[in-house]
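K.L.:
work.cif is reproduced in full below (mmCIF, C-alpha atoms and all ligand atoms).
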```cif
data_protein
loop_
_atom_site.label_atom_id
_atom_site.label_comp_id
_atom_site.auth_asym_id
_atom_site.auth_seq_id
_atom_site.Cartn_x
_atom_site.Cartn_y
_atom_site.Cartn_z
CA MET A 15 4.20 3.57 29.25
CA ASP A 16 7.53 3.48 27.40
CA GLN A 17 7.85 2.85 23.67
CA VAL A 18 9.04 -0.75 24.03
CA SER A 19 6.22 -1.79 26.34
CA TYR A 20 3.72 -0.12 24.04
CA PHE A 21 4.76 -1.97 20.86
CA SER A 22 6.45 -5.09 22.18
CA GLY A 23 4.53 -8.22 21.28
CA LYS A 24 2.09 -6.30 19.11
CA THR A 25 1.41 -7.09 15.46
CA ALA A 26 1.55 -4.38 12.83
CA LEU A 27 0.61 -4.61 9.16
CA ILE A 28 2.22 -1.89 7.04
CA THR A 29 1.08 -1.32 3.47
CA GLY A 30 3.73 0.00 1.11
CA GLY A 31 6.37 -1.18 3.58
CA ALA A 32 9.02 -1.95 0.95
CA SER A 33 10.46 1.55 0.80
CA GLY A 34 10.51 5.07 2.18
CA ILE A 35 8.35 5.88 5.19
CA GLY A 36 6.83 2.38 5.31
CA ALA A 37 10.23 0.66 5.43
CA ALA A 38 11.52 3.09 8.08
CA LEU A 39 8.37 2.54 10.11
CA ALA A 40 8.77 -1.23 9.82
CA CYS A 41 12.38 -1.08 11.07
CA ARG A 42 11.46 1.18 13.97
CA LEU A 43 8.47 -0.87 15.08
CA ALA A 44 10.48 -4.10 14.86
CA ALA A 45 13.26 -2.52 16.93
CA LEU A 46 10.60 -1.72 19.54
CA GLY A 47 9.62 -5.39 19.67
CA ALA A 48 6.63 -5.49 17.33
CA GLN A 49 5.95 -8.32 14.91
CA VAL A 50 5.94 -6.49 11.60
CA ILE A 51 4.14 -7.66 8.47
CA ILE A 52 5.40 -5.76 5.48
CA SER A 53 3.03 -5.69 2.54
CA ASP A 54 3.75 -4.23 -0.85
CA ILE A 55 3.67 -4.94 -4.57
CA GLN A 56 7.48 -4.75 -4.76
CA GLN A 57 8.41 -8.16 -3.41
CA ASP A 58 12.20 -7.92 -3.95
CA LEU A 59 12.51 -4.63 -2.12
CA ALA A 60 10.18 -5.74 0.66
CA THR A 61 12.09 -8.97 1.30
CA GLN A 62 15.29 -6.92 1.64
CA VAL A 63 13.63 -4.91 4.42
CA VAL A 64 12.42 -8.15 6.04
CA SER A 65 15.97 -9.58 5.95
CA GLN A 66 17.43 -6.38 7.36
CA ILE A 67 14.99 -6.51 10.28
CA GLN A 68 15.58 -10.21 10.90
CA GLU A 69 19.37 -9.75 10.83
CA SER A 70 18.99 -7.12 13.54
CA GLY A 71 17.03 -9.59 15.67
CA GLY A 72 13.58 -8.27 14.85
CA ARG A 73 10.48 -10.15 13.73
CA ALA A 74 9.25 -9.43 10.22
CA SER A 75 7.57 -11.14 7.31
CA PHE A 76 6.35 -10.22 3.85
CA VAL A 77 2.94 -10.59 2.29
CA HIS A 78 2.08 -9.52 -1.23
CA LEU A 79 -0.76 -7.03 -1.13
CA ASP A 80 -1.97 -4.65 -3.78
CA VAL A 81 -4.08 -2.16 -1.86
CA ARG A 82 -6.25 -1.61 -4.95
CA ASN A 83 -7.64 -5.10 -4.50
CA PHE A 84 -10.29 -5.18 -1.76
CA ASP A 85 -10.65 -8.98 -1.70
CA GLN A 86 -6.91 -9.44 -1.38
CA PHE A 87 -6.78 -6.85 1.40
CA PHE A 88 -9.56 -8.59 3.28
CA GLN A 89 -7.90 -11.99 2.85
CA VAL A 90 -4.54 -10.72 4.15
CA ILE A 91 -6.08 -8.99 7.15
CA SER A 92 -8.31 -11.94 8.03
CA GLU A 93 -5.24 -14.13 8.36
CA ILE A 94 -3.61 -11.88 10.97
CA SER A 95 -4.85 -12.51 14.44
CA PRO A 96 -4.75 -10.35 16.43
CA LEU A 97 -4.07 -7.26 14.35
CA ASP A 98 -2.98 -4.49 16.70
CA PHE A 99 -1.92 -1.86 14.18
CA LEU A 100 -2.73 -1.25 10.54
CA PHE A 101 -0.66 1.41 8.81
CA ASN A 102 -2.32 2.50 5.56
CA ASN A 103 0.88 3.87 4.12
CA ALA A 104 1.02 2.73 0.47
CA GLY A 105 0.69 5.64 -1.90
CA ILE A 106 1.98 7.20 -5.06
CA GLY A 107 2.72 10.77 -6.03
CA VAL A 108 1.47 12.21 -9.29
CA GLY A 109 3.21 15.53 -9.74
CA GLY A 110 3.74 18.07 -12.45
CA TYR A 111 1.31 19.88 -14.71
CA PHE A 112 -2.22 18.60 -15.19
CA SER A 113 -1.63 18.65 -18.95
CA ASP A 114 1.23 16.17 -18.58
CA HIS A 115 -0.99 13.56 -16.92
CA ASN A 116 -2.94 10.89 -18.68
CA LEU A 117 -5.99 8.95 -17.62
CA GLU A 118 -3.88 6.09 -16.24
CA ASP A 119 -2.07 8.47 -13.86
CA TRP A 120 -5.37 9.68 -12.47
CA LYS A 121 -6.82 6.23 -12.21
CA ALA A 122 -3.73 5.01 -10.35
CA ALA A 123 -3.79 7.94 -7.93
CA ILE A 124 -7.45 7.41 -7.11
CA ASP A 125 -7.22 3.62 -6.94
CA ILE A 126 -4.16 3.62 -4.67
CA ASN A 127 -4.31 6.85 -2.67
CA LEU A 128 -8.05 6.93 -2.13
CA PHE A 129 -9.48 3.43 -2.57
CA GLY A 130 -6.33 1.81 -1.14
CA VAL A 131 -6.87 3.67 2.13
CA PHE A 132 -10.60 3.07 2.05
CA HIS A 133 -10.08 -0.67 1.55
CA GLY A 134 -7.73 -0.73 4.53
CA LEU A 135 -10.21 1.13 6.68
CA GLN A 136 -13.07 -1.16 5.72
CA CYS A 137 -11.13 -4.39 6.24
CA GLY A 138 -9.18 -3.23 9.30
CA PHE A 139 -12.20 -1.78 11.05
CA GLN A 140 -14.24 -4.96 10.62
CA VAL A 141 -11.49 -7.12 12.10
CA MET A 142 -10.64 -4.71 14.92
CA LYS A 143 -14.28 -4.23 15.84
CA ARG A 144 -14.61 -7.99 16.16
CA GLN A 145 -11.47 -8.27 18.29
CA GLY A 146 -12.45 -5.24 20.35
CA PHE A 147 -9.23 -3.30 19.90
CA GLY A 148 -6.74 -2.01 17.36
CA HIS A 149 -5.38 1.14 15.74
CA ILE A 150 -5.51 2.28 12.14
CA ILE A 151 -3.05 4.95 11.06
CA ASN A 152 -3.30 6.58 7.62
CA THR A 153 -0.35 8.35 6.03
CA ALA A 154 -1.24 11.44 4.04
CA SER A 155 0.45 14.61 2.98
CA MET A 156 -0.55 18.02 4.28
CA ALA A 157 -2.45 18.33 1.00
CA ALA A 158 -5.14 16.15 2.58
CA LEU A 159 -5.72 18.79 5.24
CA VAL A 160 -4.69 22.18 3.87
CA PRO A 161 -6.88 23.85 1.25
CA SER A 162 -5.20 24.99 -1.94
CA PRO A 163 -6.47 26.28 -5.29
CA ALA A 164 -5.10 23.19 -6.98
CA LYS A 165 -7.11 20.86 -4.78
CA LEU A 166 -9.10 18.35 -6.77
CA LYS A 167 -11.96 15.98 -6.06
CA LEU A 168 -9.64 13.30 -4.67
CA LEU A 169 -8.46 15.59 -1.90
CA TRP A 170 -12.02 16.72 -1.26
CA TRP A 171 -12.82 13.12 -0.33
CA LEU A 172 -9.71 12.66 1.78
CA GLU A 173 -10.48 15.84 3.68
CA ARG A 174 -13.85 14.48 4.63
CA LEU A 175 -12.64 10.98 5.36
CA PHE A 176 -9.80 11.98 7.67
CA PRO A 177 -11.57 14.37 10.04
CA SER A 178 -14.45 11.93 10.36
CA LEU A 179 -11.97 9.32 11.52
CA LEU A 180 -9.91 11.67 13.62
CA CYS A 181 -12.93 12.93 15.50
CA ARG A 182 -13.50 9.39 16.75
CA LEU A 183 -10.18 9.60 18.56
CA SER A 184 -9.61 12.00 21.40
CA PHE A 185 -6.50 14.16 21.29
CA LYS A 186 -5.14 12.09 24.17
CA GLN A 187 -5.59 8.86 22.19
CA MET A 188 -3.88 10.36 19.14
CA LYS A 189 -0.90 11.42 21.27
CA LYS A 190 -0.70 7.95 22.75
CA ILE A 191 -0.43 6.41 19.28
CA LEU A 192 1.88 8.92 17.67
CA GLN A 193 4.26 9.86 20.49
CA PRO A 194 5.97 6.47 20.81
CA LEU A 195 6.81 6.75 17.10
CA GLY A 196 8.50 10.07 17.69
CA LEU A 197 5.65 12.02 16.04
CA LYS A 198 4.08 15.03 17.76
N1 LIG A 201 7.73 11.28 1.19
C1 LIG A 201 6.98 12.37 1.24
O1 LIG A 201 7.48 13.52 1.22
C2 LIG A 201 5.49 12.26 1.33
C3 LIG A 201 4.75 13.42 1.37
C4 LIG A 201 3.38 13.34 1.47
C5 LIG A 201 2.76 12.10 1.54
N2 LIG A 201 3.48 10.99 1.51
C6 LIG A 201 2.77 9.71 1.59
O2 LIG A 201 3.47 8.85 2.45
C7 LIG A 201 3.32 7.49 2.00
C8 LIG A 201 4.68 6.85 1.84
O3 LIG A 201 5.42 7.63 0.93
P1 LIG A 201 6.96 7.39 0.62
O4 LIG A 201 7.56 8.72 0.38
O5 LIG A 201 7.55 6.51 1.66
O6 LIG A 201 6.85 6.68 -0.81
P2 LIG A 201 7.57 5.40 -1.41
O7 LIG A 201 7.32 5.46 -2.87
O8 LIG A 201 8.98 5.30 -0.94
O9 LIG A 201 6.76 4.20 -0.75
C9 LIG A 201 5.48 3.87 -1.16
C10 LIG A 201 5.35 2.38 -1.21
O10 LIG A 201 4.02 2.08 -1.60
C11 LIG A 201 4.07 0.96 -2.47
N3 LIG A 201 2.89 0.91 -3.31
C12 LIG A 201 2.59 1.67 -4.39
N4 LIG A 201 1.45 1.24 -4.93
C13 LIG A 201 1.02 0.19 -4.19
C14 LIG A 201 -0.11 -0.65 -4.25
N5 LIG A 201 -1.03 -0.53 -5.22
N6 LIG A 201 -0.26 -1.59 -3.30
C15 LIG A 201 0.66 -1.74 -2.33
N7 LIG A 201 1.76 -0.98 -2.23
C16 LIG A 201 1.93 -0.02 -3.15
C17 LIG A 201 5.33 1.18 -3.29
O11 LIG A 201 5.76 -0.03 -3.89
C18 LIG A 201 6.29 1.72 -2.25
O12 LIG A 201 7.03 0.69 -1.64
C19 LIG A 201 2.53 7.55 0.69
O13 LIG A 201 1.18 7.31 0.96
C20 LIG A 201 2.73 8.99 0.24
O14 LIG A 201 1.66 9.45 -0.57
C21 LIG A 201 4.84 11.04 1.39
#
```
Mind converting the file's structure to structure tokens?

P.N.:
Amino acid sequence: MDQVSYFSGKTALITGGASGIGAALACRLAALGAQVIISDIQQDLATQVVSQIQESGGRASFVHLDVRNFDQFFQVISEISPLDFLFNNAGIGVGGYFSDHNLEDWKAAIDINLFGVFHGLQCGFQVMKRQGFGHIINTASMAALVPSPAKLKLLWWLERLFPSLLCRLSFKQMKKILQPLGLK
């Protein structure tokens, strides 16, 4: 199946779609014929991406969604029918020395990078199970998979969450999802 037939007519919700990887993903999926729902907390930036897609003839819309908020996530997802793809892409980076971080940095990283993904999985899985189909794709850095001395409890959880999800998909299924996006 070619890329267009795979995504054409499908609906994709992308969290953190206002910039970076999420915005690029939104543009690519829309160019392949998908109906793209861009969610983010940065409304101005997100609506620029929506306009860009629409001007190129694609189908896109914006919905405000803070992935830290489970109820909001559930509400947004419940209103999309059917939901073919959920991209749990929203995330933040907290870099630098541990001593430079404060409690708020840590709380934000855990709330967004861990609970944000978990909320998406919980809400997306419920809806997709009911519909009988759907794909959930989580964006993570290699830090989620590769051990390092600096690894902290957050990554410990991600490590366990990801393989448990991945093992539900055969290698063939993974290739089918990722290849049309140009990922190998
Ligand atoms: N760019 C990289 O090199 C890299 C490396 C490893 C992992 N990642 C991961 O890839 C994903 C995308 O990264 P990016 O580089 O495109 O970053 P980015 O900062 O350009 O995009 C992230 C988006 O997430 C949104 N966001 C932040 N908090 C949110 C919240 N609470 N609710 C909803 N949206 C929120 C931001 O507004 C932003 O639009 C992230 O999960 C990031 O951790 C990126």

K.L.:
Please produce, as JSON lines, a per-residue contact table for chain A versus ligand LIG 201 (chain A) (criterion: any atom at most 7 Å away, only C-alpha atoms and all ligand atoms considered), showing the nearest atom pair and its distance in Å to one decimal, sorted by chain then residue number.

P.N.:
```
{"residue": "A:Thr29", "atom": "CA", "partner": "A:LIG201", "partner_atom": "N7", "distance": 5.8}
{"residue": "A:Gly30", "atom": "CA", "partner": "A:LIG201", "partner_atom": "O10", "distance": 3.4}
{"residue": "A:Gly31", "atom": "CA", "partner": "A:LIG201", "partner_atom": "O12", "distance": 5.6}
{"residue": "A:Ala32", "atom": "CA", "partner": "A:LIG201", "partner_atom": "O12", "distance": 4.2}
{"residue": "A:Ser33", "atom": "CA", "partner": "A:LIG201", "partner_atom": "O12", "distance": 4.3}
{"residue": "A:Gly34", "atom": "CA", "partner": "A:LIG201", "partner_atom": "O5", "distance": 3.3}
{"residue": "A:Ile35", "atom": "CA", "partner": "A:LIG201", "partner_atom": "O5", "distance": 3.7}
{"residue": "A:Gly36", "atom": "CA", "partner": "A:LIG201", "partner_atom": "O5", "distance": 5.6}
{"residue": "A:Ser53", "atom": "CA", "partner": "A:LIG201", "partner_atom": "C15", "distance": 6.7}
{"residue": "A:Asp54", "atom": "CA", "partner": "A:LIG201", "partner_atom": "N7", "distance": 4.1}
{"residue": "A:Ile55", "atom": "CA", "partner": "A:LIG201", "partner_atom": "C15", "distance": 4.9}
{"residue": "A:Gln56", "atom": "CA", "partner": "A:LIG201", "partner_atom": "O11", "distance": 5.1}
{"residue": "A:Leu79", "atom": "CA", "partner": "A:LIG201", "partner_atom": "C15", "distance": 5.6}
{"residue": "A:Asp80", "atom": "CA", "partner": "A:LIG201", "partner_atom": "N6", "distance": 3.5}
{"residue": "A:Val81", "atom": "CA", "partner": "A:LIG201", "partner_atom": "N6", "distance": 4.1}
{"residue": "A:Arg82", "atom": "CA", "partner": "A:LIG201", "partner_atom": "N5", "distance": 5.3}
{"residue": "A:Asn103", "atom": "CA", "partner": "A:LIG201", "partner_atom": "O13", "distance": 4.7}
{"residue": "A:Ala104", "atom": "CA", "partner": "A:LIG201", "partner_atom": "O10", "distance": 3.7}
{"residue": "A:Gly105", "atom": "CA", "partner": "A:LIG201", "partner_atom": "O13", "distance": 3.3}
{"residue": "A:Ile106", "atom": "CA", "partner": "A:LIG201", "partner_atom": "O14", "distance": 5.0}
{"residue": "A:Gly107", "atom": "CA", "partner": "A:LIG201", "partner_atom": "O14", "distance": 5.7}
{"residue": "A:Ile126", "atom": "CA", "partner": "A:LIG201", "partner_atom": "N5", "distance": 5.2}
{"residue": "A:Asn127", "atom": "CA", "partner": "A:LIG201", "partner_atom": "O13", "distance": 6.6}
{"residue": "A:Thr153", "atom": "CA", "partner": "A:LIG201", "partner_atom": "O2", "distance": 5.3}
{"residue": "A:Ala154", "atom": "CA", "partner": "A:LIG201", "partner_atom": "C5", "distance": 4.8}
{"residue": "A:Ser155", "atom": "CA", "partner": "A:LIG201", "partner_atom": "C4", "distance": 3.5}
{"residue": "A:Met156", "atom": "CA", "partner": "A:LIG201", "partner_atom": "C4", "distance": 6.7}
```

K.L.:
Looking at only C-alpha atoms, which of A:Ile67, A:Leu135, A:Ala38, A:Leu43 is the one that sits closest to Tyr20 (chain A)?

P.N.:
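Going through A:Ile67, A:Leu135, A:Ala38, A:Leu43 one by one, the smallest distance to Tyr20 (chain A) is for A:Leu43.
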
K.L.:
If you count all atoms listed in the file, which residues fall within 12 Å of Gly47 (chain A), apart from same-chain ones fewer than 3 positions away, as a PyMOL selection string?

P.N.:
chain A and resi 16-26+40-44+50+67-68+70-74

K.L.:
Just give me the gap between CA of Val131 (chain A) and CA of Asp114 (chain A) in Å, one decimal is fine.

P.N.:
25.5 Å

K.L.:
Tell me which of A:Ile124, A:Leu46, A:Ala37, A:Leu159 sits closest to Val64 (chain A), counting all atoms listed in the file.

P.N.:
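Closest candidate: A:Ala37.
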
K.L.:
Measure the distance from CA of Ile28 (chain A) to CA of Asn102 (chain A) in Å and round it to one decimal.

P.N.:
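Here the two named atoms are 6.5 Å from each other.
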
K.L.:
Skip region 142-145 of chain A itself and residues of its chain fewer than 3 positions away, then list as a list in words all residues within 10 Å of it, counting all atoms listed in the file.

P.N.:
Ile91, Ser95, Pro96, Leu97, Asp98, Phe99, Leu100, Cys137, Gly138, Phe139, Gly148, His149 and Ile150 of chain A

K.L.:
Please report the interatomic distance between CA of Phe84 (chain A) and CA of His133 (chain A) in Å with one decimal.

P.N.:
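Computed distance, CA of Phe84 (chain A) to CA of His133 (chain A), equals 5.6 Å.
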
K.L.:
Which of these residues is nearest to Asp85 (chain A), using all atoms listed in the file: A:Gly146, A:Gly130, A:Leu39, A:Gly109?

P.N.:
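Answer, going by the shortest atom-to-atom distance: A:Gly130.
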
K.L.:
Skip Ile51 (chain A) itself and residues of its chain fewer than 5 positions away, then list as an mmCIF file with C-alpha atoms, in the coordinates of the input all residues within 6 Å of it, counting all atoms listed in the file.

P.N.:
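The resulting result34.cif:
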```
data_model
loop_
_atom_site.group_PDB
_atom_site.id
_atom_site.type_symbol
_atom_site.label_atom_id
_atom_site.label_comp_id
_atom_site.auth_asym_id
_atom_site.auth_seq_id
_atom_site.Cartn_x
_atom_site.Cartn_y
_atom_site.Cartn_z
ATOM 1 C CA LEU A 27 0.610 -4.610 9.160
ATOM 2 C CA ALA A 74 9.250 -9.430 10.220
ATOM 3 C CA SER A 75 7.570 -11.140 7.310
ATOM 4 C CA PHE A 76 6.350 -10.220 3.850
#
```
